[in-house]
>>> print(open('coords-v6.pdb').read())   # PDB, C-alpha atoms and all ligand atoms
MODEL        1
ATOM      1  CA  MET A   1      -7.233 -38.518  59.717  1.00  0.00           C
ATOM      2  CA  MET A   2      -6.754 -39.751  56.117  1.00  0.00           C
ATOM      3  CA  ALA A   3     -10.489 -39.643  55.453  1.00  0.00           C
ATOM      4  CA  LYS A   4     -10.654 -36.027  56.659  1.00  0.00           C
ATOM      5  CA  LEU A   5      -7.818 -35.012  54.382  1.00  0.00           C
ATOM      6  CA  ASN A   6      -9.457 -36.747  51.400  1.00  0.00           C
ATOM      7  CA  TRP A   7     -12.669 -34.888  52.129  1.00  0.00           C
ATOM      8  CA  ALA A   8     -10.882 -31.603  52.375  1.00  0.00           C
ATOM      9  CA  LEU A   9      -9.031 -32.233  49.082  1.00  0.00           C
ATOM     10  CA  THR A  10     -12.271 -33.244  47.327  1.00  0.00           C
ATOM     11  CA  VAL A  11     -14.001 -30.071  48.508  1.00  0.00           C
ATOM     12  CA  LEU A  12     -11.007 -28.040  47.351  1.00  0.00           C
ATOM     13  CA  LEU A  13     -11.033 -29.736  43.929  1.00  0.00           C
ATOM     14  CA  VAL A  14     -14.774 -29.182  43.428  1.00  0.00           C
ATOM     15  CA  ALA A  15     -14.428 -25.589  44.640  1.00  0.00           C
ATOM     16  CA  SER A  16     -11.570 -24.817  42.252  1.00  0.00           C
ATOM     17  CA  ILE A  17     -13.426 -26.360  39.290  1.00  0.00           C
ATOM     18  CA  ALA A  18     -16.512 -24.341  40.273  1.00  0.00           C
ATOM     19  CA  ILE A  19     -14.462 -21.132  40.490  1.00  0.00           C
ATOM     20  CA  LEU A  20     -12.827 -21.854  37.101  1.00  0.00           C
ATOM     21  CA  LEU A  21     -16.243 -22.384  35.473  1.00  0.00           C
ATOM     22  CA  TRP A  22     -17.598 -19.309  37.203  1.00  0.00           C
ATOM     23  CA  VAL A  23     -14.747 -17.021  36.168  1.00  0.00           C
ATOM     24  CA  ARG A  24     -14.582 -18.392  32.572  1.00  0.00           C
ATOM     25  CA  ARG A  25     -11.735 -16.117  31.513  1.00  0.00           C
ATOM     26  CA  ASN A  26     -11.713 -14.861  27.944  1.00  0.00           C
ATOM     27  CA  TYR A  27      -8.138 -15.539  26.926  1.00  0.00           C
ATOM     28  CA  GLY A  28      -8.357 -12.881  24.218  1.00  0.00           C
ATOM     29  CA  GLU A  29      -8.567 -10.217  26.933  1.00  0.00           C
ATOM     30  CA  PRO A  30      -5.582  -8.936  28.921  1.00  0.00           C
ATOM     31  CA  ASN A  31      -4.925 -10.707  32.188  1.00  0.00           C
ATOM     32  CA  ILE A  32      -7.086  -9.595  35.107  1.00  0.00           C
ATOM     33  CA  GLN A  33      -4.027  -9.214  37.282  1.00  0.00           C
ATOM     34  CA  VAL A  34      -2.466  -6.765  34.799  1.00  0.00           C
ATOM     35  CA  GLU A  35      -5.638  -4.727  34.683  1.00  0.00           C
ATOM     36  CA  ILE A  36      -5.289  -4.195  38.425  1.00  0.00           C
ATOM     37  CA  LEU A  37      -2.234  -2.139  37.465  1.00  0.00           C
ATOM     38  CA  PRO A  38      -3.696  -0.341  34.431  1.00  0.00           C
ATOM     39  CA  ASN A  39      -0.560   1.731  33.840  1.00  0.00           C
ATOM     40  CA  MET A  40       1.275  -1.470  32.999  1.00  0.00           C
ATOM     41  CA  ALA A  41      -1.384  -2.615  30.531  1.00  0.00           C
ATOM     42  CA  HIS A  42      -1.771   0.805  28.954  1.00  0.00           C
ATOM     43  CA  SER A  43       1.440   2.744  29.486  1.00  0.00           C
ATOM     44  CA  PRO A  44       0.856   6.488  29.829  1.00  0.00           C
ATOM     45  CA  ALA A  45       2.977   7.476  26.810  1.00  0.00           C
ATOM     46  CA  TYR A  46       3.312  11.088  25.676  1.00  0.00           C
ATOM     47  CA  ALA A  47       2.362  11.791  22.089  1.00  0.00           C
ATOM     48  CA  SER A  48       5.355  12.961  20.028  1.00  0.00           C
ATOM     49  CA  PHE A  49       4.254  16.568  19.574  1.00  0.00           C
ATOM     50  CA  THR A  50       2.978  17.295  23.091  1.00  0.00           C
ATOM     51  CA  PRO A  51       4.682  19.236  25.898  1.00  0.00           C
ATOM     52  CA  ASN A  52       6.584  17.080  28.331  1.00  0.00           C
ATOM     53  CA  PRO A  53       7.138  18.014  31.988  1.00  0.00           C
ATOM     54  CA  VAL A  54       9.788  15.331  32.457  1.00  0.00           C
ATOM     55  CA  LEU A  55      12.335  16.370  29.825  1.00  0.00           C
ATOM     56  CA  PRO A  56      14.516  19.463  30.360  1.00  0.00           C
ATOM     57  CA  ASP A  57      13.432  21.326  27.208  1.00  0.00           C
ATOM     58  CA  GLY A  58       9.768  20.540  27.839  1.00  0.00           C
ATOM     59  CA  LYS A  59       9.339  18.715  24.503  1.00  0.00           C
ATOM     60  CA  THR A  60       8.478  15.054  24.033  1.00  0.00           C
ATOM     61  CA  LEU A  61      10.117  14.701  20.633  1.00  0.00           C
ATOM     62  CA  GLN A  62      13.832  15.197  21.187  1.00  0.00           C
ATOM     63  CA  LEU A  63      16.271  16.429  18.569  1.00  0.00           C
ATOM     64  CA  PRO A  64      18.645  13.773  17.256  1.00  0.00           C
ATOM     65  CA  VAL A  65      22.105  13.749  18.796  1.00  0.00           C
ATOM     66  CA  PRO A  66      24.526  16.040  16.865  1.00  0.00           C
ATOM     67  CA  GLY A  67      26.235  14.084  14.105  1.00  0.00           C
ATOM     68  CA  THR A  68      23.277  11.704  13.637  1.00  0.00           C
ATOM     69  CA  LEU A  69      23.205  10.351  10.094  1.00  0.00           C
ATOM     70  CA  PRO A  70      19.714  10.332   8.557  1.00  0.00           C
ATOM     71  CA  ARG A  71      18.492   7.108   6.950  1.00  0.00           C
ATOM     72  CA  GLY A  72      16.168   6.552   4.003  1.00  0.00           C
ATOM     73  CA  PRO A  73      15.177   9.018   1.285  1.00  0.00           C
ATOM     74  CA  GLN A  74      16.453  12.546   1.885  1.00  0.00           C
ATOM     75  CA  PRO A  75      14.381  15.573   0.960  1.00  0.00           C
ATOM     76  CA  LEU A  76      15.936  17.492  -1.901  1.00  0.00           C
ATOM     77  CA  ASP A  77      17.396  20.693  -0.517  1.00  0.00           C
ATOM     78  CA  LEU A  78      16.346  22.651  -3.607  1.00  0.00           C
ATOM     79  CA  GLY A  79      13.310  24.690  -4.599  1.00  0.00           C
ATOM     80  CA  THR A  80      11.063  24.022  -7.567  1.00  0.00           C
ATOM     81  CA  THR A  81      11.859  27.019  -9.787  1.00  0.00           C
ATOM     82  CA  PRO A  82      13.686  26.686 -13.156  1.00  0.00           C
ATOM     83  CA  ALA A  83      16.676  28.449 -11.538  1.00  0.00           C
ATOM     84  CA  GLU A  84      16.781  25.710  -8.922  1.00  0.00           C
ATOM     85  CA  THR A  85      16.751  23.138 -11.713  1.00  0.00           C
ATOM     86  CA  MET A  86      20.005  24.695 -12.871  1.00  0.00           C
ATOM     87  CA  HIS A  87      21.397  24.419  -9.329  1.00  0.00           C
ATOM     88  CA  ALA A  88      20.432  20.762  -9.468  1.00  0.00           C
ATOM     89  CA  ALA A  89      22.455  20.503 -12.673  1.00  0.00           C
ATOM     90  CA  GLU A  90      25.546  21.708 -10.811  1.00  0.00           C
ATOM     91  CA  GLN A  91      25.034  20.031  -7.463  1.00  0.00           C
ATOM     92  CA  LEU A  92      23.522  16.622  -8.154  1.00  0.00           C
ATOM     93  CA  LYS A  93      25.590  13.852  -9.623  1.00  0.00           C
ATOM     94  CA  ASN A  94      24.425  10.327 -10.310  1.00  0.00           C
ATOM     95  CA  PRO A  95      25.936   8.277  -7.462  1.00  0.00           C
ATOM     96  CA  LEU A  96      25.309   4.935  -9.190  1.00  0.00           C
ATOM     97  CA  ASP A  97      27.538   2.941 -11.510  1.00  0.00           C
ATOM     98  CA  PRO A  98      26.029   3.772 -14.939  1.00  0.00           C
ATOM     99  CA  ALA A  99      26.476   0.286 -16.410  1.00  0.00           C
ATOM    100  CA  LYS A 100      24.657  -1.402 -13.537  1.00  0.00           C
ATOM    101  CA  ALA A 101      22.105   1.357 -13.005  1.00  0.00           C
ATOM    102  CA  LYS A 102      20.830   1.325 -16.571  1.00  0.00           C
ATOM    103  CA  VAL A 103      19.839  -2.353 -16.253  1.00  0.00           C
ATOM    104  CA  ARG A 104      17.482  -1.511 -13.405  1.00  0.00           C
ATOM    105  CA  GLY A 105      16.644   1.765 -15.164  1.00  0.00           C
ATOM    106  CA  ALA A 106      15.301  -0.091 -18.202  1.00  0.00           C
ATOM    107  CA  VAL A 107      12.748  -1.811 -15.962  1.00  0.00           C
ATOM    108  CA  VAL A 108      11.800   1.461 -14.276  1.00  0.00           C
ATOM    109  CA  TYR A 109      11.435   3.160 -17.668  1.00  0.00           C
ATOM    110  CA  GLN A 110       9.281   0.340 -18.983  1.00  0.00           C
ATOM    111  CA  ASN A 111       6.973   0.492 -15.960  1.00  0.00           C
ATOM    112  CA  PHE A 112       6.738   4.219 -15.287  1.00  0.00           C
ATOM    113  CA  CYS A 113       7.729   6.194 -18.365  1.00  0.00           C
ATOM    114  CA  THR A 114       6.520   4.300 -21.458  1.00  0.00           C
ATOM    115  CA  PRO A 115       2.857   5.245 -20.862  1.00  0.00           C
ATOM    116  CA  CYS A 116       3.726   8.824 -21.880  1.00  0.00           C
ATOM    117  CA  HIS A 117       7.221   8.892 -23.346  1.00  0.00           C
ATOM    118  CA  GLY A 118       6.725   5.658 -25.296  1.00  0.00           C
ATOM    119  CA  GLY A 119       9.102   2.739 -25.739  1.00  0.00           C
ATOM    120  CA  SER A 120      10.898   4.743 -28.427  1.00  0.00           C
ATOM    121  CA  MET A 121      11.344   7.759 -26.037  1.00  0.00           C
ATOM    122  CA  ARG A 122       9.802   9.964 -28.710  1.00  0.00           C
ATOM    123  CA  GLY A 123       6.746  10.903 -26.680  1.00  0.00           C
ATOM    124  CA  ASP A 124       4.315   8.572 -28.428  1.00  0.00           C
ATOM    125  CA  GLY A 125       3.076   6.469 -25.494  1.00  0.00           C
ATOM    126  CA  MET A 126      -0.527   5.366 -24.989  1.00  0.00           C
ATOM    127  CA  VAL A 127      -1.429   8.314 -22.753  1.00  0.00           C
ATOM    128  CA  PRO A 128      -0.655  11.053 -25.331  1.00  0.00           C
ATOM    129  CA  GLN A 129      -2.393   8.928 -27.958  1.00  0.00           C
ATOM    130  CA  HIS A 130      -5.534   9.401 -25.864  1.00  0.00           C
ATOM    131  CA  GLY A 131      -5.343  13.157 -25.628  1.00  0.00           C
ATOM    132  CA  PHE A 132      -2.773  13.968 -22.906  1.00  0.00           C
ATOM    133  CA  PRO A 133      -0.288  16.612 -24.134  1.00  0.00           C
ATOM    134  CA  ALA A 134       2.560  14.713 -25.784  1.00  0.00           C
ATOM    135  CA  PRO A 135       5.912  15.010 -23.999  1.00  0.00           C
ATOM    136  CA  PRO A 136       8.904  16.138 -26.039  1.00  0.00           C
ATOM    137  CA  SER A 137      11.121  13.421 -27.447  1.00  0.00           C
ATOM    138  CA  LEU A 138      13.753  12.413 -24.895  1.00  0.00           C
ATOM    139  CA  LEU A 139      16.075  11.985 -27.893  1.00  0.00           C
ATOM    140  CA  SER A 140      15.762  15.674 -28.864  1.00  0.00           C
ATOM    141  CA  ALA A 141      18.716  18.021 -28.563  1.00  0.00           C
ATOM    142  CA  HIS A 142      17.035  19.750 -25.607  1.00  0.00           C
ATOM    143  CA  SER A 143      16.587  16.522 -23.653  1.00  0.00           C
ATOM    144  CA  VAL A 144      20.063  15.342 -24.555  1.00  0.00           C
ATOM    145  CA  GLY A 145      21.342  18.635 -23.175  1.00  0.00           C
ATOM    146  CA  LEU A 146      19.714  18.048 -19.791  1.00  0.00           C
ATOM    147  CA  SER A 147      22.247  17.015 -17.200  1.00  0.00           C
ATOM    148  CA  GLU A 148      21.512  14.084 -14.924  1.00  0.00           C
ATOM    149  CA  GLY A 149      21.017  16.518 -12.037  1.00  0.00           C
ATOM    150  CA  GLN A 150      18.365  18.434 -14.004  1.00  0.00           C
ATOM    151  CA  MET A 151      16.594  15.192 -14.822  1.00  0.00           C
ATOM    152  CA  PHE A 152      16.676  14.238 -11.154  1.00  0.00           C
ATOM    153  CA  HIS A 153      15.058  17.576 -10.332  1.00  0.00           C
ATOM    154  CA  ILE A 154      12.369  16.981 -13.000  1.00  0.00           C
ATOM    155  CA  LEU A 155      11.649  13.461 -11.737  1.00  0.00           C
ATOM    156  CA  THR A 156      11.522  14.662  -8.137  1.00  0.00           C
ATOM    157  CA  TYR A 157       9.399  17.788  -8.578  1.00  0.00           C
ATOM    158  CA  GLY A 158       7.841  17.346 -12.010  1.00  0.00           C
ATOM    159  CA  GLN A 159       7.952  19.992 -14.731  1.00  0.00           C
ATOM    160  CA  ASN A 160       4.818  21.584 -16.239  1.00  0.00           C
ATOM    161  CA  LYS A 161       2.657  18.620 -17.314  1.00  0.00           C
ATOM    162  CA  MET A 162       5.259  16.045 -16.326  1.00  0.00           C
ATOM    163  CA  PRO A 163       4.201  14.749 -12.901  1.00  0.00           C
ATOM    164  CA  SER A 164       6.547  14.263  -9.960  1.00  0.00           C
ATOM    165  CA  TYR A 165       7.768  10.712  -9.535  1.00  0.00           C
ATOM    166  CA  ALA A 166       9.169  11.230  -6.035  1.00  0.00           C
ATOM    167  CA  VAL A 167       6.494   9.038  -4.470  1.00  0.00           C
ATOM    168  CA  GLN A 168       6.586   6.185  -6.970  1.00  0.00           C
ATOM    169  CA  LEU A 169      10.354   5.999  -7.435  1.00  0.00           C
ATOM    170  CA  SER A 170      12.992   5.648  -4.748  1.00  0.00           C
ATOM    171  CA  VAL A 171      16.044   7.895  -5.085  1.00  0.00           C
ATOM    172  CA  ASP A 172      18.031   4.977  -6.532  1.00  0.00           C
ATOM    173  CA  ASP A 173      15.304   4.162  -9.042  1.00  0.00           C
ATOM    174  CA  ARG A 174      15.249   7.791 -10.182  1.00  0.00           C
ATOM    175  CA  TRP A 175      19.019   7.738 -10.765  1.00  0.00           C
ATOM    176  CA  SER A 176      18.710   4.334 -12.445  1.00  0.00           C
ATOM    177  CA  VAL A 177      16.122   5.482 -14.958  1.00  0.00           C
ATOM    178  CA  ILE A 178      18.197   8.599 -15.629  1.00  0.00           C
ATOM    179  CA  ALA A 179      21.217   6.398 -16.360  1.00  0.00           C
ATOM    180  CA  TYR A 180      19.052   4.368 -18.718  1.00  0.00           C
ATOM    181  CA  VAL A 181      17.670   7.419 -20.549  1.00  0.00           C
ATOM    182  CA  LYS A 182      21.170   8.887 -20.830  1.00  0.00           C
ATOM    183  CA  SER A 183      22.559   5.623 -22.184  1.00  0.00           C
ATOM    184  CA  SER A 184      19.804   5.553 -24.805  1.00  0.00           C
ATOM    185  CA  GLN A 185      20.175   9.151 -25.945  1.00  0.00           C
ATOM    186  CA  PRO A 186      22.334  10.089 -28.912  1.00  0.00           C
ATOM    187  CA  ALA A 187      25.532  12.006 -28.148  1.00  0.00           C
ATOM    188  CA  ALA A 188      24.993  15.730 -27.661  1.00  0.00           C
ATOM    189  CA  THR A 189      25.153  17.655 -30.910  1.00  0.00           C
ATOM    190  CA  ALA A 190      24.964  21.250 -29.638  1.00  0.00           C
ATOM    191  CA  PRO A 191      27.579  21.776 -26.912  1.00  0.00           C
ATOM    192  CA  ALA A 192      26.141  25.223 -26.063  1.00  0.00           C
ATOM    193  CA  ALA A 193      22.918  23.615 -24.826  1.00  0.00           C
ATOM    194  CA  THR A 194      24.631  21.011 -22.685  1.00  0.00           C
ATOM    195  CA  PRO A 195      25.481  21.882 -19.074  1.00  0.00           C
ATOM    196  CA  ALA A 196      26.844  18.364 -18.738  1.00  0.00           C
ATOM    197  CA  ALA A 197      27.997  16.148 -21.565  1.00  0.00           C
ATOM    198  CA  ALA A 198      25.633  13.330 -22.508  1.00  0.00           C
ATOM    199  CA  THR A 199      26.990   9.815 -22.735  1.00  0.00           C
ATOM    200  CA  VAL A 200      27.441   7.980 -26.003  1.00  0.00           C
ATOM    201  CA  PRO A 201      24.432   5.820 -26.907  1.00  0.00           C
ATOM    202  CA  THR A 202      24.815   2.114 -26.357  1.00  0.00           C
ATOM    203  CA  GLY A 203      22.221   1.226 -28.960  1.00  0.00           C
ATOM    204  CA  GLY A 204      19.473   0.075 -26.597  1.00  0.00           C
ATOM    205  CA  ILE A 205      16.942   2.240 -28.365  1.00  0.00           C
ATOM    206  CA  ALA A 206      16.668   3.404 -31.986  1.00  0.00           C
ATOM    207  CA  LYS A 207      17.524   7.062 -32.515  1.00  0.00           C
TER     208      LYS A 207
HETATM  209  C1  LIG A 301       1.828  11.338 -17.413  1.00  0.00           C
HETATM  210  C2  LIG A 301       2.743  11.325 -18.517  1.00  0.00           C
HETATM  211  C3  LIG A 301       4.219  11.251 -18.208  1.00  0.00           C
HETATM  212  C4  LIG A 301       4.898  10.239 -17.578  1.00  0.00           C
HETATM  213  C5  LIG A 301       4.320   8.945 -17.027  1.00  0.00           C
HETATM  214  C6  LIG A 301       6.288  10.611 -17.572  1.00  0.00           C
HETATM  215  N1  LIG A 301       6.450  11.816 -18.174  1.00  0.00           N
HETATM  216 FE1  LIG A 301       8.193  12.785 -18.490  1.00  0.00          FE
HETATM  217  N2  LIG A 301       7.216  14.317 -19.339  1.00  0.00           N
HETATM  218  C7  LIG A 301       5.855  14.374 -19.581  1.00  0.00           C
HETATM  219  C8  LIG A 301       5.515  15.644 -20.202  1.00  0.00           C
HETATM  220  C9  LIG A 301       4.119  16.069 -20.642  1.00  0.00           C
HETATM  221  C10 LIG A 301       6.733  16.355 -20.301  1.00  0.00           C
HETATM  222  C11 LIG A 301       6.923  17.768 -20.853  1.00  0.00           C
HETATM  223  C12 LIG A 301       6.923  18.709 -19.652  1.00  0.00           C
HETATM  224  C13 LIG A 301       7.068  20.157 -20.034  1.00  0.00           C
HETATM  225  O1  LIG A 301       6.232  20.628 -20.796  1.00  0.00           O
HETATM  226  O2  LIG A 301       8.014  20.784 -19.546  1.00  0.00           O
HETATM  227  C14 LIG A 301       7.757  15.505 -19.773  1.00  0.00           C
HETATM  228  C15 LIG A 301       9.102  15.854 -19.683  1.00  0.00           C
HETATM  229  C16 LIG A 301      10.104  15.021 -19.258  1.00  0.00           C
HETATM  230  C17 LIG A 301      11.513  15.376 -19.247  1.00  0.00           C
HETATM  231  C18 LIG A 301      12.090  16.709 -19.693  1.00  0.00           C
HETATM  232  C19 LIG A 301      12.321  16.684 -21.163  1.00  0.00           C
HETATM  233  C20 LIG A 301      12.824  18.011 -21.696  1.00  0.00           C
HETATM  234  O3  LIG A 301      13.482  17.990 -22.769  1.00  0.00           O
HETATM  235  O4  LIG A 301      12.576  19.055 -21.083  1.00  0.00           O
HETATM  236  C21 LIG A 301      12.196  14.291 -18.777  1.00  0.00           C
HETATM  237  C22 LIG A 301      13.698  14.158 -18.591  1.00  0.00           C
HETATM  238  C23 LIG A 301      11.222  13.271 -18.482  1.00  0.00           C
HETATM  239  N3  LIG A 301       9.961  13.743 -18.790  1.00  0.00           N
HETATM  240  C24 LIG A 301      11.525  12.031 -18.004  1.00  0.00           C
HETATM  241  C25 LIG A 301      10.574  11.109 -17.595  1.00  0.00           C
HETATM  242  C26 LIG A 301      10.902   9.836 -17.003  1.00  0.00           C
HETATM  243  C27 LIG A 301      12.305   9.313 -16.774  1.00  0.00           C
HETATM  244  C28 LIG A 301       9.724   9.219 -16.715  1.00  0.00           C
HETATM  245  C29 LIG A 301       9.518   7.900 -16.015  1.00  0.00           C
HETATM  246  C30 LIG A 301       9.990   7.845 -14.650  1.00  0.00           C
HETATM  247  C31 LIG A 301       8.643  10.116 -17.140  1.00  0.00           C
HETATM  248  N4  LIG A 301       9.211  11.229 -17.667  1.00  0.00           N
HETATM  249  C32 LIG A 301       7.300   9.822 -17.019  1.00  0.00           C
HETATM  250  C33 LIG A 301       4.943  13.401 -19.284  1.00  0.00           C
HETATM  251  C34 LIG A 301       5.213  12.239 -18.591  1.00  0.00           C
ENDMDL
END
>>> encode(input="coords-v6.pdb", output="C-alpha cells", more="lines below")
Ligand code: HEC
Amino acid sequence: MMAKLNWALTVLLVASIAILLWVRRNYGEPNIQVEILPNMAHSPAYASFTPNPVLPDGKTLQLPVPGTLPRGPQPLDLGTTPAETMHAAEQLKNPLDPAKAKVRGAVVYQNFCTPCHGGSMRGDGMVPQHGFPAPPSLLSAHSVGLSEGQMFHILTYGQNKMPSYAVQLSVDDRWSVIAYVKSSQPAATAPAATPAAATVPTGGIAK
C-alpha cells in the first residue's frame, strides 16, 4: 500500500516538474488565468470624448457637480485686446502678501526677466544687447503707472514683442514677480497716468 502511494507521489512530482518546465511562464506577462477573462485584463473603458450608451445624457465625460470648485491654474476670463488690459487693471488684484511675494519675485525676475529687462530693469539685458528690440525701462513713468492687474495681463498674454509667460510662470509666480517689480519701482510721479497707485520703492534696485 505504502509503496504504491510513494510511486504515485513520485509520478505526480515528476509530472508537475515536467509541466512547470514545459509551461515556462514569462512572469513579465499578465497571468494566463486573467487572459481567459480579457475584459478584466483590458477593461473596456470609454474614451472621454466618445458617446456613451450607458449614461443618461449619452456623453462619457460628465459635467462636474454644480458648485464644484476648480483646482489649479484658472484661465483668465479676459480677452487679449488693450481694452481688456484695462479691465484687468480694474478686476485683478494681487492676492499675495507683498512683503513675502517680492522675496520669491526677486528669484523669478532673476530667472525669467533679466535676459531682456536687465538686472537694472532698464531694458538692457543680454537679449536686447544681441539685437532683440529693447523693452522699455520698467522704472519709466509708463511702467510705474501700470497697475498690478495690467502687469498680470501682460505676463499672461504678452504684449507686442513681450512674450506670454503663462506657461513658464504659475499664477503665484506671476503675482510674485509683479510684487517685486512694483517694490523696485520709484513712486508714481504722474498721477494721471496711474490707474492704481504704485508702491514706494524699498531700495532693492537703483532708480
Ligand atoms: C524676450 C524678452 C523679454 C522677456 C524675457 C521679458 N520681457 Fe517684458 N517686455 C519685453 C518687451 C520687448 C516689452 C515691450 C513690449 C511692447 O512693445 O509693448 C516688454 C514689456 C514689459 C512690460 C510692460 C512695460 C510697459 O511700460 O508697457 C512689463 C510689465 C514687463 N515686460 C514685465 C516683464 C516681466 C515681469 C518679465 C519676467 C517674467 C518679462 N517682462 C520678461 C521683453 C521681454
>>> closest_residue(input="coords-v6.pdb", among="A:Gly79, A:Ser147, A:Ala101, A:Met2", to="Gln185 (chain A)", atoms="only C-alpha atoms")
A:Ser147
>>> residues_near_ligand(input="coords-v6.pdb", ligand="ligand LIG 301 (chain A)", cutoff="7 Å", atoms="all atoms listed in the file", output="PyMOL selection string")
chain A and resi 108-109+112-117+127+133-138+140+142-143+146+151+154-155+159-163+165+174+177-178+181
>>> closest_residue(input="coords-v6.pdb", among="A:Asp57, A:Asp173, A:Asp124, A:Asp77", to="Leu92 (chain A)", atoms="only C-alpha atoms")
A:Asp77
>>> atom_distance(input="coords-v6.pdb", atom1="CA of Ala83 (chain A)", atom2="CA of Glu148 (chain A)")
15.5 Å
>>> residues_around(input="coords-v6.pdb", residues="Tyr180 (chain A)", least_positions_apart="2", cutoff="10 Å", atoms="only C-alpha atoms", output="PyMOL selection string")
chain A and resi 98-109+174-178+182-185+201-202+204
>>> atom_distance(input="coords-v6.pdb", atom1="CA of Arg122 (chain A)", atom2="CA of Ala187 (chain A)")
15.9 Å
>>> atom_distance(input="coords-v6.pdb", atom1="CA of Ser43 (chain A)", atom2="CA of Thr60 (chain A)")
15.2 Å
>>> closest_residue(input="coords-v6.pdb", among="A:Tyr27, A:Leu12, A:Ala179, A:Pro128", to="Asp97 (chain A)", atoms="all atoms listed in the file")
A:Ala179
>>> build_atoms(input="coords-v6.pdb", residues="region 152-158 of chain A", atoms="all heavy atoms", output="PDB file, in the coordinates of the input")
ATOM      1  N   PHE A 152      17.059  14.656 -12.502  1.00  0.00           N
ATOM      2  CA  PHE A 152      16.676  14.238 -11.154  1.00  0.00           C
ATOM      3  C   PHE A 152      15.694  15.244 -10.567  1.00  0.00           C
ATOM      4  O   PHE A 152      14.701  14.872  -9.916  1.00  0.00           O
ATOM      5  CB  PHE A 152      17.915  14.107 -10.262  1.00  0.00           C
ATOM      6  CG  PHE A 152      17.621  13.456  -8.943  1.00  0.00           C
ATOM      7  CD1 PHE A 152      17.601  12.077  -8.840  1.00  0.00           C
ATOM      8  CD2 PHE A 152      17.326  14.217  -7.816  1.00  0.00           C
ATOM      9  CE1 PHE A 152      17.300  11.468  -7.626  1.00  0.00           C
ATOM     10  CE2 PHE A 152      17.024  13.617  -6.609  1.00  0.00           C
ATOM     11  CZ  PHE A 152      17.014  12.228  -6.516  1.00  0.00           C
ATOM     12  N   HIS A 153      15.951  16.522 -10.807  1.00  0.00           N
ATOM     13  CA  HIS A 153      15.058  17.576 -10.332  1.00  0.00           C
ATOM     14  C   HIS A 153      13.677  17.415 -10.975  1.00  0.00           C
ATOM     15  O   HIS A 153      12.649  17.511 -10.305  1.00  0.00           O
ATOM     16  CB  HIS A 153      15.674  18.935 -10.662  1.00  0.00           C
ATOM     17  CG  HIS A 153      15.019  20.085  -9.968  1.00  0.00           C
ATOM     18  ND1 HIS A 153      13.895  20.699 -10.482  1.00  0.00           N
ATOM     19  CD2 HIS A 153      15.300  20.723  -8.802  1.00  0.00           C
ATOM     20  CE1 HIS A 153      13.536  21.684  -9.658  1.00  0.00           C
ATOM     21  NE2 HIS A 153      14.371  21.714  -8.633  1.00  0.00           N
ATOM     22  N   ILE A 154      13.648  17.143 -12.290  1.00  0.00           N
ATOM     23  CA  ILE A 154      12.369  16.981 -13.000  1.00  0.00           C
ATOM     24  C   ILE A 154      11.618  15.768 -12.453  1.00  0.00           C
ATOM     25  O   ILE A 154      10.420  15.837 -12.182  1.00  0.00           O
ATOM     26  CB  ILE A 154      12.613  16.839 -14.529  1.00  0.00           C
ATOM     27  CG1 ILE A 154      13.175  18.144 -15.095  1.00  0.00           C
ATOM     28  CG2 ILE A 154      11.324  16.442 -15.243  1.00  0.00           C
ATOM     29  CD1 ILE A 154      13.655  18.050 -16.539  1.00  0.00           C
ATOM     30  N   LEU A 155      12.321  14.668 -12.242  1.00  0.00           N
ATOM     31  CA  LEU A 155      11.649  13.461 -11.737  1.00  0.00           C
ATOM     32  C   LEU A 155      11.168  13.661 -10.308  1.00  0.00           C
ATOM     33  O   LEU A 155      10.168  13.082  -9.899  1.00  0.00           O
ATOM     34  CB  LEU A 155      12.590  12.259 -11.785  1.00  0.00           C
ATOM     35  CG  LEU A 155      12.889  11.691 -13.171  1.00  0.00           C
ATOM     36  CD1 LEU A 155      13.746  10.459 -13.059  1.00  0.00           C
ATOM     37  CD2 LEU A 155      11.617  11.371 -13.916  1.00  0.00           C
ATOM     38  N   THR A 156      11.884  14.480  -9.540  1.00  0.00           N
ATOM     39  CA  THR A 156      11.522  14.662  -8.137  1.00  0.00           C
ATOM     40  C   THR A 156      10.371  15.648  -7.978  1.00  0.00           C
ATOM     41  O   THR A 156       9.452  15.402  -7.196  1.00  0.00           O
ATOM     42  CB  THR A 156      12.743  15.145  -7.332  1.00  0.00           C
ATOM     43  OG1 THR A 156      13.801  14.210  -7.534  1.00  0.00           O
ATOM     44  CG2 THR A 156      12.438  15.243  -5.853  1.00  0.00           C
ATOM     45  N   TYR A 157      10.425  16.751  -8.737  1.00  0.00           N
ATOM     46  CA  TYR A 157       9.399  17.788  -8.578  1.00  0.00           C
ATOM     47  C   TYR A 157       8.395  17.837  -9.720  1.00  0.00           C
ATOM     48  O   TYR A 157       7.388  18.524  -9.632  1.00  0.00           O
ATOM     49  CB  TYR A 157      10.067  19.162  -8.474  1.00  0.00           C
ATOM     50  CG  TYR A 157      10.783  19.394  -7.166  1.00  0.00           C
ATOM     51  CD1 TYR A 157      12.101  19.806  -7.134  1.00  0.00           C
ATOM     52  CD2 TYR A 157      10.121  19.211  -5.958  1.00  0.00           C
ATOM     53  CE1 TYR A 157      12.754  20.027  -5.940  1.00  0.00           C
ATOM     54  CE2 TYR A 157      10.771  19.431  -4.757  1.00  0.00           C
ATOM     55  CZ  TYR A 157      12.083  19.834  -4.754  1.00  0.00           C
ATOM     56  OH  TYR A 157      12.716  20.058  -3.567  1.00  0.00           O
ATOM     57  N   GLY A 158       8.677  17.183 -10.832  1.00  0.00           N
ATOM     58  CA  GLY A 158       7.841  17.346 -12.010  1.00  0.00           C
ATOM     59  C   GLY A 158       8.237  18.613 -12.745  1.00  0.00           C
ATOM     60  O   GLY A 158       9.055  19.403 -12.264  1.00  0.00           O
TER      61      GLY A 158
END
